[in-house]
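Colleague: I have a structure here, written as structure tokens, and I will follow up with some questions on it.
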Amino acid sequence: MSSLNQKRSGILYWPSIYFSFKKHRIYRMSKISFRPVTEDNWNAVVQLYAGKEGSKHVAPNTHTVVEAFASGLSDGLNAIYANKILIGLVWYRQWNKRWPGIIFISRFMLDEKFQGKGLGTLVFGAILRRILRTCSPDSIWISADSEIALHIYRKAGFVERTDKTGIEFKRRFKETLLCLKNETEAI
């Protein structure tokens with residue numbers, strides 16, 4: 001059975017976008033959804049906390065929201081919900097004008113209350129499906145310096161870029177650059 005269809009501990013992994021757990025007021029099957037960050041939800045979004053460990057690896061949401069709007073690239077800035085409960089934030093954008101077919105997932109975080117329950121893998125699958133449906137990218141890139149994040153991304157099919165771009169990225173930002181499809185020959 002493909003890792004994309006596995007069931008473990010009562011949690012249904014993607015391609016389904018549903019999950020179930022009993023600890024945090026989500027008792028029934030809940031649908032993962034995305035809403036743009038707007039004046040209606042931005043305050044709740046910036047109060048999400050990645051936890052002590054997570055905060056070492058992801059910028060505060062205040063920084064992410066300001067950066068997205070200041071750069072004019074806020075189209076891919078979305079609050080992540082399970083039913084009507086805000087659980088995280090994602091920001092994806094075009095890599096750069098030179099390579100317009102590449103979507104870069106710049107930020108992905110879940111509030112600490114929702115970590116360690118298999119939701120990272122599930123939500124990440126929903127993010128990928130959303131990007132594929134709304135952006136039609138040639139490739140999707142992401143970076144990380146956390147072993148937990150790298151595990152989730154590799155499980156989703158991402159591979160490390162070991163070409164000049166990947167090496168330069170790691171040197172400059174101290175993070176591993178991964179892509180869903182290794183297209184180093186085409187770039």
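Residues are referred to by chain and number: the chain letter is A, B, ... according to the order shown in the structure tokens, the number counts from 1 in that chain, and ligands are numbered separately from 1 in the order shown.
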Got a sec to tell me which of range 66-187 of chain A DSSP assigns to strand (DSSP E), as a CSV table (one decimal) with all heavy atoms, in the first residue's frame?

Modeller:
```
chain,number,residue,atom,x,y,z
A,77,LEU,N,-0.9,33.4,1.0
A,77,LEU,CA,-0.9,33.4,2.5
A,77,LEU,C,-2.3,33.0,3.0
A,77,LEU,O,-3.3,33.7,2.8
A,77,LEU,CB,-0.6,34.9,3.0
A,77,LEU,CG,-0.5,35.1,4.5
A,77,LEU,CD1,0.7,34.3,5.0
A,77,LEU,CD2,-0.4,36.6,4.8
A,78,ASN,N,-2.3,31.8,3.7
A,78,ASN,CA,-3.6,31.2,4.1
A,78,ASN,C,-3.5,30.7,5.5
A,78,ASN,O,-2.5,30.1,5.9
A,78,ASN,CB,-3.9,30.0,3.2
A,78,ASN,CG,-4.3,30.5,1.8
A,78,ASN,OD1,-5.5,30.8,1.6
A,78,ASN,ND2,-3.4,30.5,0.9
A,79,ALA,N,-4.6,31.0,6.2
A,79,ALA,CA,-4.8,30.4,7.5
A,79,ALA,C,-5.3,29.0,7.3
A,79,ALA,O,-6.1,28.7,6.4
A,79,ALA,CB,-5.8,31.2,8.3
A,80,ILE,N,-4.9,28.0,8.1
A,80,ILE,CA,-5.3,26.6,8.0
A,80,ILE,C,-6.3,26.3,9.1
A,80,ILE,O,-6.0,26.6,10.3
A,80,ILE,CB,-4.1,25.7,8.1
A,80,ILE,CG1,-3.0,26.1,7.1
A,80,ILE,CG2,-4.5,24.2,7.9
A,80,ILE,CD1,-1.6,25.4,7.4
A,81,TYR,N,-7.4,25.7,8.7
A,81,TYR,CA,-8.5,25.4,9.7
A,81,TYR,C,-8.8,23.9,9.7
A,81,TYR,O,-8.7,23.3,8.6
A,81,TYR,CB,-9.7,26.2,9.3
A,81,TYR,CG,-9.6,27.7,9.6
A,81,TYR,CD1,-9.1,28.5,8.6
A,81,TYR,CD2,-10.1,28.2,10.7
A,81,TYR,CE1,-9.0,29.9,8.8
A,81,TYR,CE2,-10.0,29.6,11.0
A,81,TYR,CZ,-9.5,30.4,10.0
A,81,TYR,OH,-9.4,31.8,10.2
A,82,ALA,N,-9.2,23.4,10.8
A,82,ALA,CA,-9.8,22.1,10.9
A,82,ALA,C,-11.2,22.4,11.4
A,82,ALA,O,-11.4,22.9,12.5
A,82,ALA,CB,-9.1,21.2,11.9
A,85,ILE,N,-11.8,25.7,13.5
A,85,ILE,CA,-10.7,25.9,14.4
A,85,ILE,C,-9.4,26.2,13.7
A,85,ILE,O,-9.0,25.4,12.9
A,85,ILE,CB,-10.5,24.7,15.4
A,85,ILE,CG1,-11.8,24.4,16.2
A,85,ILE,CG2,-9.3,24.9,16.3
A,85,ILE,CD1,-11.8,23.2,17.0
A,86,LEU,N,-8.9,27.4,14.0
A,86,LEU,CA,-7.6,27.8,13.4
A,86,LEU,C,-6.5,27.0,13.9
A,86,LEU,O,-6.3,26.9,15.2
A,86,LEU,CB,-7.4,29.3,13.7
A,86,LEU,CG,-6.1,29.9,13.2
A,86,LEU,CD1,-6.0,29.9,11.6
A,86,LEU,CD2,-5.9,31.3,13.7
A,87,ILE,N,-5.7,26.3,13.1
A,87,ILE,CA,-4.6,25.4,13.5
A,87,ILE,C,-3.3,25.8,13.0
A,87,ILE,O,-2.3,25.3,13.5
A,87,ILE,CB,-4.9,23.9,13.2
A,87,ILE,CG1,-5.0,23.7,11.7
A,87,ILE,CG2,-6.2,23.5,13.9
A,87,ILE,CD1,-5.0,22.2,11.4
A,88,GLY,N,-3.2,26.6,12.0
A,88,GLY,CA,-1.9,26.9,11.4
A,88,GLY,C,-1.9,28.0,10.3
A,88,GLY,O,-2.9,28.6,10.1
A,89,LEU,N,-0.7,28.1,9.7
A,89,LEU,CA,-0.5,29.1,8.6
A,89,LEU,C,0.4,28.5,7.5
A,89,LEU,O,1.3,27.8,7.8
A,89,LEU,CB,0.2,30.3,9.2
A,89,LEU,CG,0.5,31.5,8.3
A,89,LEU,CD1,-0.7,32.2,7.8
A,89,LEU,CD2,1.5,32.5,8.9
A,90,VAL,N,0.1,28.9,6.3
A,90,VAL,CA,1.0,28.5,5.2
A,90,VAL,C,1.1,29.7,4.3
A,90,VAL,O,0.2,30.5,4.1
A,90,VAL,CB,0.5,27.3,4.4
A,90,VAL,CG1,-0.9,27.6,3.7
A,90,VAL,CG2,1.5,26.8,3.4
A,91,TRP,N,2.3,29.9,3.7
A,91,TRP,CA,2.5,31.0,2.7
A,91,TRP,C,3.4,30.3,1.6
A,91,TRP,O,4.5,29.9,1.8
A,91,TRP,CB,3.3,32.1,3.4
A,91,TRP,CG,3.6,33.3,2.4
A,91,TRP,CD1,2.8,33.6,1.3
A,91,TRP,CD2,4.7,34.1,2.4
A,91,TRP,NE1,3.4,34.7,0.7
A,91,TRP,CE2,4.6,35.0,1.3
A,91,TRP,CE3,5.8,34.2,3.2
A,91,TRP,CZ2,5.5,36.0,1.0
A,91,TRP,CZ3,6.8,35.2,2.9
A,91,TRP,CH2,6.6,36.1,1.9
A,92,TYR,N,2.8,30.3,0.4
A,92,TYR,CA,3.5,29.9,-0.8
A,92,TYR,C,3.4,30.9,-1.8
A,92,TYR,O,2.5,31.8,-1.8
A,92,TYR,CB,2.9,28.5,-1.3
A,92,TYR,CG,1.5,28.5,-1.5
A,92,TYR,CD1,0.9,28.9,-2.8
A,92,TYR,CD2,0.6,28.1,-0.6
A,92,TYR,CE1,-0.4,28.9,-3.0
A,92,TYR,CE2,-0.8,28.0,-0.8
A,92,TYR,CZ,-1.3,28.4,-2.0
A,92,TYR,OH,-2.6,28.4,-2.2
A,93,ARG,N,4.5,30.9,-2.7
A,93,ARG,CA,4.6,32.0,-3.7
A,93,ARG,C,5.5,31.5,-4.8
A,93,ARG,O,6.1,30.5,-4.7
A,93,ARG,CB,5.2,33.3,-3.0
A,93,ARG,CG,6.6,33.0,-2.4
A,93,ARG,CD,7.1,34.1,-1.6
A,93,ARG,NE,8.3,33.8,-0.9
A,93,ARG,CZ,9.5,33.7,-1.4
A,93,ARG,NH1,9.7,33.9,-2.7
A,93,ARG,NH2,10.6,33.5,-0.7
A,94,GLN,N,5.5,32.3,-5.9
A,94,GLN,CA,6.3,32.1,-7.0
A,94,GLN,C,7.8,32.2,-6.5
A,94,GLN,O,8.1,33.2,-5.8
A,94,GLN,CB,6.0,33.1,-8.1
A,94,GLN,CG,6.8,32.9,-9.4
A,94,GLN,CD,6.4,33.9,-10.4
A,94,GLN,OE1,5.3,34.2,-10.6
A,94,GLN,NE2,7.4,34.4,-11.1
A,102,ILE,N,7.9,27.6,-10.7
A,102,ILE,CA,8.3,27.0,-9.4
A,102,ILE,C,7.5,27.8,-8.3
A,102,ILE,O,7.6,29.0,-8.2
A,102,ILE,CB,9.8,27.1,-9.2
A,102,ILE,CG1,10.5,26.3,-10.2
A,102,ILE,CG2,10.2,26.6,-7.8
A,102,ILE,CD1,12.0,26.5,-10.2
A,103,ILE,N,6.8,27.0,-7.5
A,103,ILE,CA,6.2,27.5,-6.3
A,103,ILE,C,7.0,27.1,-5.1
A,103,ILE,O,7.4,26.0,-4.9
A,103,ILE,CB,4.7,27.0,-6.2
A,103,ILE,CG1,3.9,27.4,-7.4
A,103,ILE,CG2,4.1,27.4,-4.8
A,103,ILE,CD1,3.7,28.9,-7.5
A,104,PHE,N,7.3,28.1,-4.3
A,104,PHE,CA,8.1,27.9,-3.1
A,104,PHE,C,7.2,28.0,-1.9
A,104,PHE,O,6.5,29.1,-1.7
A,104,PHE,CB,9.2,29.0,-3.0
A,104,PHE,CG,10.1,28.8,-1.8
A,104,PHE,CD1,10.9,27.7,-1.6
A,104,PHE,CD2,10.2,29.8,-0.8
A,104,PHE,CE1,11.7,27.5,-0.6
A,104,PHE,CE2,11.0,29.7,0.3
A,104,PHE,CZ,11.8,28.5,0.4
A,105,ILE,N,7.1,27.0,-1.0
A,105,ILE,CA,6.4,27.1,0.2
A,105,ILE,C,7.3,27.7,1.2
A,105,ILE,O,8.2,27.1,1.7
A,105,ILE,CB,6.0,25.7,0.7
A,105,ILE,CG1,5.1,25.0,-0.4
A,105,ILE,CG2,5.2,25.8,2.0
A,105,ILE,CD1,4.8,23.5,-0.1
A,106,SER,N,7.1,29.0,1.4
A,106,SER,CA,7.9,29.8,2.2
A,106,SER,C,7.8,29.6,3.7
A,106,SER,O,8.7,29.6,4.5
A,106,SER,CB,7.7,31.3,1.9
A,106,SER,OG,8.6,32.1,2.5
A,107,ARG,N,6.5,29.4,4.2
A,107,ARG,CA,6.3,29.1,5.6
A,107,ARG,C,5.1,28.1,5.7
A,107,ARG,O,4.2,28.1,4.9
A,107,ARG,CB,5.8,30.4,6.3
A,107,ARG,CG,6.7,31.6,6.3
A,107,ARG,CD,7.9,31.5,7.1
A,107,ARG,NE,8.7,32.6,7.3
A,107,ARG,CZ,9.0,33.6,6.4
A,107,ARG,NH1,8.4,33.6,5.3
A,107,ARG,NH2,9.8,34.6,6.7
A,108,PHE,N,5.3,27.2,6.7
A,108,PHE,CA,4.3,26.3,7.0
A,108,PHE,C,4.4,26.0,8.5
A,108,PHE,O,5.5,25.6,9.0
A,108,PHE,CB,4.4,25.0,6.2
A,108,PHE,CG,3.6,23.8,6.8
A,108,PHE,CD1,2.2,24.0,7.1
A,108,PHE,CD2,4.2,22.6,6.9
A,108,PHE,CE1,1.5,22.9,7.6
A,108,PHE,CE2,3.4,21.5,7.4
A,108,PHE,CZ,2.1,21.7,7.7
A,109,MET,N,3.4,26.3,9.3
A,109,MET,CA,3.4,26.0,10.7
A,109,MET,C,2.1,25.6,11.2
A,109,MET,O,1.1,25.9,10.7
A,109,MET,CB,3.9,27.2,11.5
A,109,MET,CG,3.0,28.5,11.5
A,109,MET,SD,1.6,28.4,12.7
A,109,MET,CE,2.5,28.4,14.2
A,110,LEU,N,2.1,24.7,12.3
A,110,LEU,CA,0.9,24.4,13.0
A,110,LEU,C,1.1,24.9,14.5
A,110,LEU,O,2.3,24.8,15.0
A,110,LEU,CB,0.7,22.9,13.1
A,110,LEU,CG,0.4,22.2,11.8
A,110,LEU,CD1,0.2,20.7,12.0
A,110,LEU,CD2,-0.9,22.8,11.2
A,139,SER,N,7.1,22.7,-10.6
A,139,SER,CA,7.7,22.1,-9.5
A,139,SER,C,7.3,22.9,-8.2
A,139,SER,O,7.0,24.0,-8.3
A,139,SER,CB,9.2,22.1,-9.7
A,139,SER,OG,9.9,21.4,-8.6
A,140,ILE,N,7.5,22.2,-7.1
A,140,ILE,CA,7.2,22.8,-5.8
A,140,ILE,C,8.5,22.7,-4.9
A,140,ILE,O,9.0,21.6,-4.8
A,140,ILE,CB,6.0,22.2,-5.1
A,140,ILE,CG1,4.7,22.3,-5.9
A,140,ILE,CG2,5.8,22.8,-3.7
A,140,ILE,CD1,3.5,21.5,-5.4
A,141,TRP,N,8.9,23.8,-4.4
A,141,TRP,CA,10.1,23.7,-3.5
A,141,TRP,C,9.8,24.1,-2.1
A,141,TRP,O,8.8,24.9,-1.9
A,141,TRP,CB,11.2,24.7,-4.1
A,141,TRP,CG,11.8,24.4,-5.4
A,141,TRP,CD1,11.4,23.4,-6.2
A,141,TRP,CD2,12.8,25.1,-6.1
A,141,TRP,NE1,12.2,23.4,-7.4
A,141,TRP,CE2,13.0,24.4,-7.3
A,141,TRP,CE3,13.6,26.2,-5.7
A,141,TRP,CZ2,14.0,24.8,-8.2
A,141,TRP,CZ3,14.6,26.6,-6.6
A,141,TRP,CH2,14.8,25.9,-7.8
A,142,ILE,N,10.6,23.7,-1.2
A,142,ILE,CA,10.4,24.0,0.2
A,142,ILE,C,11.8,23.9,0.9
A,142,ILE,O,12.7,23.2,0.4
A,142,ILE,CB,9.4,23.1,0.9
A,142,ILE,CG1,9.0,23.7,2.3
A,142,ILE,CG2,9.9,21.7,1.1
A,142,ILE,CD1,7.7,23.1,2.9
A,143,SER,N,12.0,24.6,2.0
A,143,SER,CA,13.3,24.4,2.7
A,143,SER,C,13.0,24.2,4.2
A,143,SER,O,12.0,24.5,4.7
A,143,SER,CB,14.2,25.7,2.5
A,143,SER,OG,13.6,26.8,3.2
A,144,ALA,N,14.0,23.6,4.8
A,144,ALA,CA,13.9,23.3,6.3
A,144,ALA,C,15.2,23.0,6.9
A,144,ALA,O,16.2,22.6,6.2
A,144,ALA,CB,13.0,22.0,6.5
A,159,VAL,N,12.7,15.7,-2.5
A,159,VAL,CA,14.1,15.2,-2.5
A,159,VAL,C,15.0,16.5,-2.4
A,159,VAL,O,14.6,17.6,-2.8
A,159,VAL,CB,14.4,14.4,-3.8
A,159,VAL,CG1,13.7,13.1,-3.8
A,159,VAL,CG2,14.2,15.2,-5.0
A,160,GLU,N,16.1,16.3,-1.8
A,160,GLU,CA,17.0,17.4,-1.6
A,160,GLU,C,17.7,17.8,-2.9
A,160,GLU,O,18.0,16.9,-3.7
A,160,GLU,CB,18.2,16.9,-0.6
A,160,GLU,CG,19.1,18.0,-0.3
A,160,GLU,CD,20.1,17.6,0.8
A,160,GLU,OE1,19.9,16.6,1.4
A,160,GLU,OE2,21.1,18.4,0.9
A,176,THR,N,18.1,23.1,4.2
A,176,THR,CA,18.1,22.2,3.1
A,176,THR,C,17.0,22.6,2.1
A,176,THR,O,15.9,22.8,2.6
A,176,THR,CB,17.9,20.8,3.6
A,176,THR,OG1,19.0,20.4,4.5
A,176,THR,CG2,17.9,19.8,2.5
A,177,LEU,N,17.3,22.7,0.9
A,177,LEU,CA,16.3,23.0,-0.1
A,177,LEU,C,15.9,21.7,-0.8
A,177,LEU,O,16.7,20.9,-1.2
A,177,LEU,CB,16.9,24.0,-1.2
A,177,LEU,CG,15.9,24.4,-2.3
A,177,LEU,CD1,14.8,25.3,-1.8
A,177,LEU,CD2,16.7,25.2,-3.4
A,178,LEU,N,14.6,21.5,-0.8
A,178,LEU,CA,14.0,20.3,-1.4
A,178,LEU,C,13.0,20.7,-2.5
A,178,LEU,O,12.5,21.8,-2.5
A,178,LEU,CB,13.2,19.5,-0.3
A,178,LEU,CG,14.1,19.1,0.9
A,178,LEU,CD1,13.7,19.9,2.1
A,178,LEU,CD2,13.8,17.6,1.2
A,179,CYS,N,12.8,19.7,-3.4
A,179,CYS,CA,11.8,19.9,-4.5
A,179,CYS,C,11.0,18.7,-4.7
A,179,CYS,O,11.5,17.6,-4.4
A,179,CYS,CB,12.4,20.4,-5.8
A,179,CYS,SG,13.6,19.2,-6.5
```

Colleague: What's the 10 Å shell around range 52-59 of chain A, counting only C-alpha atoms, without same-chain residues fewer than 2 positions away, as a PDB file with N, CA and C atoms, in the first residue's frame?

Modeller:
```pdb
ATOM      1  N   TYR A  49       1.260  29.824  17.878  1.00  0.00           N
ATOM      2  CA  TYR A  49       2.617  29.650  18.387  1.00  0.00           C
ATOM      3  C   TYR A  49       3.131  28.268  17.989  1.00  0.00           C
ATOM      4  N   ALA A  50       4.265  28.242  17.334  1.00  0.00           N
ATOM      5  CA  ALA A  50       4.841  26.982  16.862  1.00  0.00           C
ATOM      6  C   ALA A  50       5.468  26.163  17.989  1.00  0.00           C
ATOM      7  N   ASN A  61       4.625  34.370  13.065  1.00  0.00           N
ATOM      8  CA  ASN A  61       3.579  34.665  12.089  1.00  0.00           C
ATOM      9  C   ASN A  61       3.422  36.161  11.839  1.00  0.00           C
ATOM     10  N   THR A  62       3.726  36.991  12.822  1.00  0.00           N
ATOM     11  CA  THR A  62       3.682  38.439  12.612  1.00  0.00           C
ATOM     12  C   THR A  62       4.630  38.811  11.475  1.00  0.00           C
ATOM     13  N   HIS A  63       5.827  38.267  11.516  1.00  0.00           N
ATOM     14  CA  HIS A  63       6.827  38.526  10.482  1.00  0.00           C
ATOM     15  C   HIS A  63       6.333  38.024   9.120  1.00  0.00           C
ATOM     16  N   THR A  64       5.764  36.824   9.098  1.00  0.00           N
ATOM     17  CA  THR A  64       5.288  36.234   7.853  1.00  0.00           C
ATOM     18  C   THR A  64       4.186  37.082   7.221  1.00  0.00           C
ATOM     19  N   SER A 106       7.065  29.022   1.416  1.00  0.00           N
ATOM     20  CA  SER A 106       7.948  29.848   2.225  1.00  0.00           C
ATOM     21  C   SER A 106       7.763  29.603   3.721  1.00  0.00           C
ATOM     22  N   ARG A 107       6.530  29.403   4.155  1.00  0.00           N
ATOM     23  CA  ARG A 107       6.260  29.137   5.572  1.00  0.00           C
ATOM     24  C   ARG A 107       5.149  28.098   5.694  1.00  0.00           C
ATOM     25  N   PHE A 108       5.308  27.224   6.667  1.00  0.00           N
ATOM     26  CA  PHE A 108       4.265  26.267   7.046  1.00  0.00           C
ATOM     27  C   PHE A 108       4.430  26.012   8.525  1.00  0.00           C
ATOM     28  N   MET A 109       3.376  26.268   9.284  1.00  0.00           N
ATOM     29  CA  MET A 109       3.445  26.006  10.720  1.00  0.00           C
ATOM     30  C   MET A 109       2.090  25.565  11.238  1.00  0.00           C
ATOM     31  N   LEU A 110       2.134  24.736  12.284  1.00  0.00           N
ATOM     32  CA  LEU A 110       0.944  24.371  13.043  1.00  0.00           C
ATOM     33  C   LEU A 110       1.142  24.863  14.465  1.00  0.00           C
ATOM     34  N   ASP A 111       0.056  25.327  15.075  1.00  0.00           N
ATOM     35  CA  ASP A 111       0.116  25.722  16.474  1.00  0.00           C
ATOM     36  C   ASP A 111       0.547  24.514  17.305  1.00  0.00           C
ATOM     37  N   GLU A 112       1.277  24.787  18.379  1.00  0.00           N
ATOM     38  CA  GLU A 112       1.831  23.694  19.189  1.00  0.00           C
ATOM     39  C   GLU A 112       0.765  22.740  19.717  1.00  0.00           C
ATOM     40  N   GLN A 115       0.400  19.806  17.188  1.00  0.00           N
ATOM     41  CA  GLN A 115       1.590  19.096  16.736  1.00  0.00           C
ATOM     42  C   GLN A 115       1.672  17.722  17.392  1.00  0.00           C
ATOM     43  N   ALA A 144      14.000  23.564   4.831  1.00  0.00           N
ATOM     44  CA  ALA A 144      13.851  23.272   6.262  1.00  0.00           C
ATOM     45  C   ALA A 144      15.218  23.026   6.886  1.00  0.00           C
ATOM     46  N   ASP A 145      15.278  23.262   8.193  1.00  0.00           N
ATOM     47  CA  ASP A 145      16.462  22.880   8.959  1.00  0.00           C
ATOM     48  C   ASP A 145      16.071  21.966  10.120  1.00  0.00           C
ATOM     49  N   SER A 146      14.808  21.651  10.236  1.00  0.00           N
ATOM     50  CA  SER A 146      14.293  20.790  11.295  1.00  0.00           C
ATOM     51  C   SER A 146      14.154  19.361  10.780  1.00  0.00           C
ATOM     52  N   ILE A 148      12.220  17.093  11.921  1.00  0.00           N
ATOM     53  CA  ILE A 148      10.794  16.745  11.885  1.00  0.00           C
ATOM     54  C   ILE A 148      10.190  17.213  10.566  1.00  0.00           C
ATOM     55  N   ALA A 149      10.459  18.460  10.185  1.00  0.00           N
ATOM     56  CA  ALA A 149       9.931  18.996   8.927  1.00  0.00           C
ATOM     57  C   ALA A 149      10.501  18.235   7.735  1.00  0.00           C
ATOM     58  N   GLU A 175      19.735  26.094   5.470  1.00  0.00           N
ATOM     59  CA  GLU A 175      18.600  25.186   5.389  1.00  0.00           C
ATOM     60  C   GLU A 175      18.746  24.299   4.155  1.00  0.00           C
TER      61      GLU A 175
END
```

Colleague: DSSP on the backbone, alpha helix (DSSP H) only: what residues of range 42-159 of chain A does that give? Format it as JSON, numbers by chain.

Modeller: {"A": [42, 43, 44, 45, 46, 51, 52, 53, 54, 61, 62, 63, 64, 65, 66, 67, 68, 69, 70, 119, 120, 121, 122, 123, 124, 125, 126, 127, 128, 129, 130, 131, 132, 133, 134, 135, 147, 148, 149, 150, 151, 152, 153, 154, 155]}

Colleague: Restrict the selected residues to C-alpha atoms and save them as a PDB file, in the first residue's frame.

Modeller:
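Now in selection-v8.pdb:
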```
ATOM      1  CA  TRP A  42      -4.977  38.178  11.006  1.00  0.00           C
ATOM      2  CA  ASN A  43      -4.942  38.816  14.755  1.00  0.00           C
ATOM      3  CA  ALA A  44      -5.762  35.184  15.551  1.00  0.00           C
ATOM      4  CA  VAL A  45      -3.191  34.033  12.984  1.00  0.00           C
ATOM      5  CA  VAL A  46      -0.345  36.038  14.518  1.00  0.00           C
ATOM      6  CA  GLY A  51       6.088  25.996  20.323  1.00  0.00           C
ATOM      7  CA  LYS A  52       9.525  26.327  21.861  1.00  0.00           C
ATOM      8  CA  GLU A  53      11.169  23.911  19.423  1.00  0.00           C
ATOM      9  CA  GLY A  54       9.148  24.981  16.372  1.00  0.00           C
ATOM     10  CA  ASN A  61       3.579  34.665  12.089  1.00  0.00           C
ATOM     11  CA  THR A  62       3.682  38.439  12.612  1.00  0.00           C
ATOM     12  CA  HIS A  63       6.827  38.526  10.482  1.00  0.00           C
ATOM     13  CA  THR A  64       5.288  36.234   7.853  1.00  0.00           C
ATOM     14  CA  VAL A  65       2.103  38.318   7.507  1.00  0.00           C
ATOM     15  CA  VAL A  66       4.034  41.592   7.249  1.00  0.00           C
ATOM     16  CA  GLU A  67       6.519  40.113   4.747  1.00  0.00           C
ATOM     17  CA  ALA A  68       3.753  38.654   2.566  1.00  0.00           C
ATOM     18  CA  PHE A  69       1.788  41.902   2.364  1.00  0.00           C
ATOM     19  CA  ALA A  70       4.852  44.167   2.085  1.00  0.00           C
ATOM     20  CA  LEU A 119      -1.581  16.471  11.424  1.00  0.00           C
ATOM     21  CA  GLY A 120       1.621  17.856   9.901  1.00  0.00           C
ATOM     22  CA  THR A 121       1.669  15.121   7.279  1.00  0.00           C
ATOM     23  CA  LEU A 122      -2.062  15.376   6.684  1.00  0.00           C
ATOM     24  CA  VAL A 123      -2.150  19.178   6.410  1.00  0.00           C
ATOM     25  CA  PHE A 124       0.958  19.202   4.216  1.00  0.00           C
ATOM     26  CA  GLY A 125      -0.799  16.847   1.799  1.00  0.00           C
ATOM     27  CA  ALA A 126      -3.772  19.221   1.674  1.00  0.00           C
ATOM     28  CA  ILE A 127      -1.400  22.139   1.019  1.00  0.00           C
ATOM     29  CA  LEU A 128       0.206  20.298  -1.895  1.00  0.00           C
ATOM     30  CA  ARG A 129      -3.178  19.471  -3.407  1.00  0.00           C
ATOM     31  CA  ARG A 130      -4.234  23.116  -3.063  1.00  0.00           C
ATOM     32  CA  ILE A 131      -1.060  24.350  -4.772  1.00  0.00           C
ATOM     33  CA  LEU A 132      -1.403  21.820  -7.598  1.00  0.00           C
ATOM     34  CA  ARG A 133      -5.051  22.774  -8.092  1.00  0.00           C
ATOM     35  CA  THR A 134      -4.671  26.573  -7.917  1.00  0.00           C
ATOM     36  CA  CYS A 135      -1.169  27.235  -9.309  1.00  0.00           C
ATOM     37  CA  GLU A 147      14.530  16.999  11.143  1.00  0.00           C
ATOM     38  CA  ILE A 148      10.794  16.745  11.885  1.00  0.00           C
ATOM     39  CA  ALA A 149       9.931  18.996   8.927  1.00  0.00           C
ATOM     40  CA  LEU A 150      12.426  17.240   6.648  1.00  0.00           C
ATOM     41  CA  HIS A 151      10.807  13.906   7.556  1.00  0.00           C
ATOM     42  CA  ILE A 152       7.326  15.191   6.624  1.00  0.00           C
ATOM     43  CA  TYR A 153       8.556  16.650   3.342  1.00  0.00           C
ATOM     44  CA  ARG A 154      10.526  13.563   2.338  1.00  0.00           C
ATOM     45  CA  LYS A 155       7.539  11.371   3.190  1.00  0.00           C
TER      46      LYS A 155
END
```

Colleague: So the first atom is CA of Lys97 in chain A and the second is CA of Pro60 in chain A; what is the distance between them in Å, to one decimal place?

Modeller: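 We find that CA of Lys97 in chain A and CA of Pro60 in chain A lie 26.2 Å from each other.
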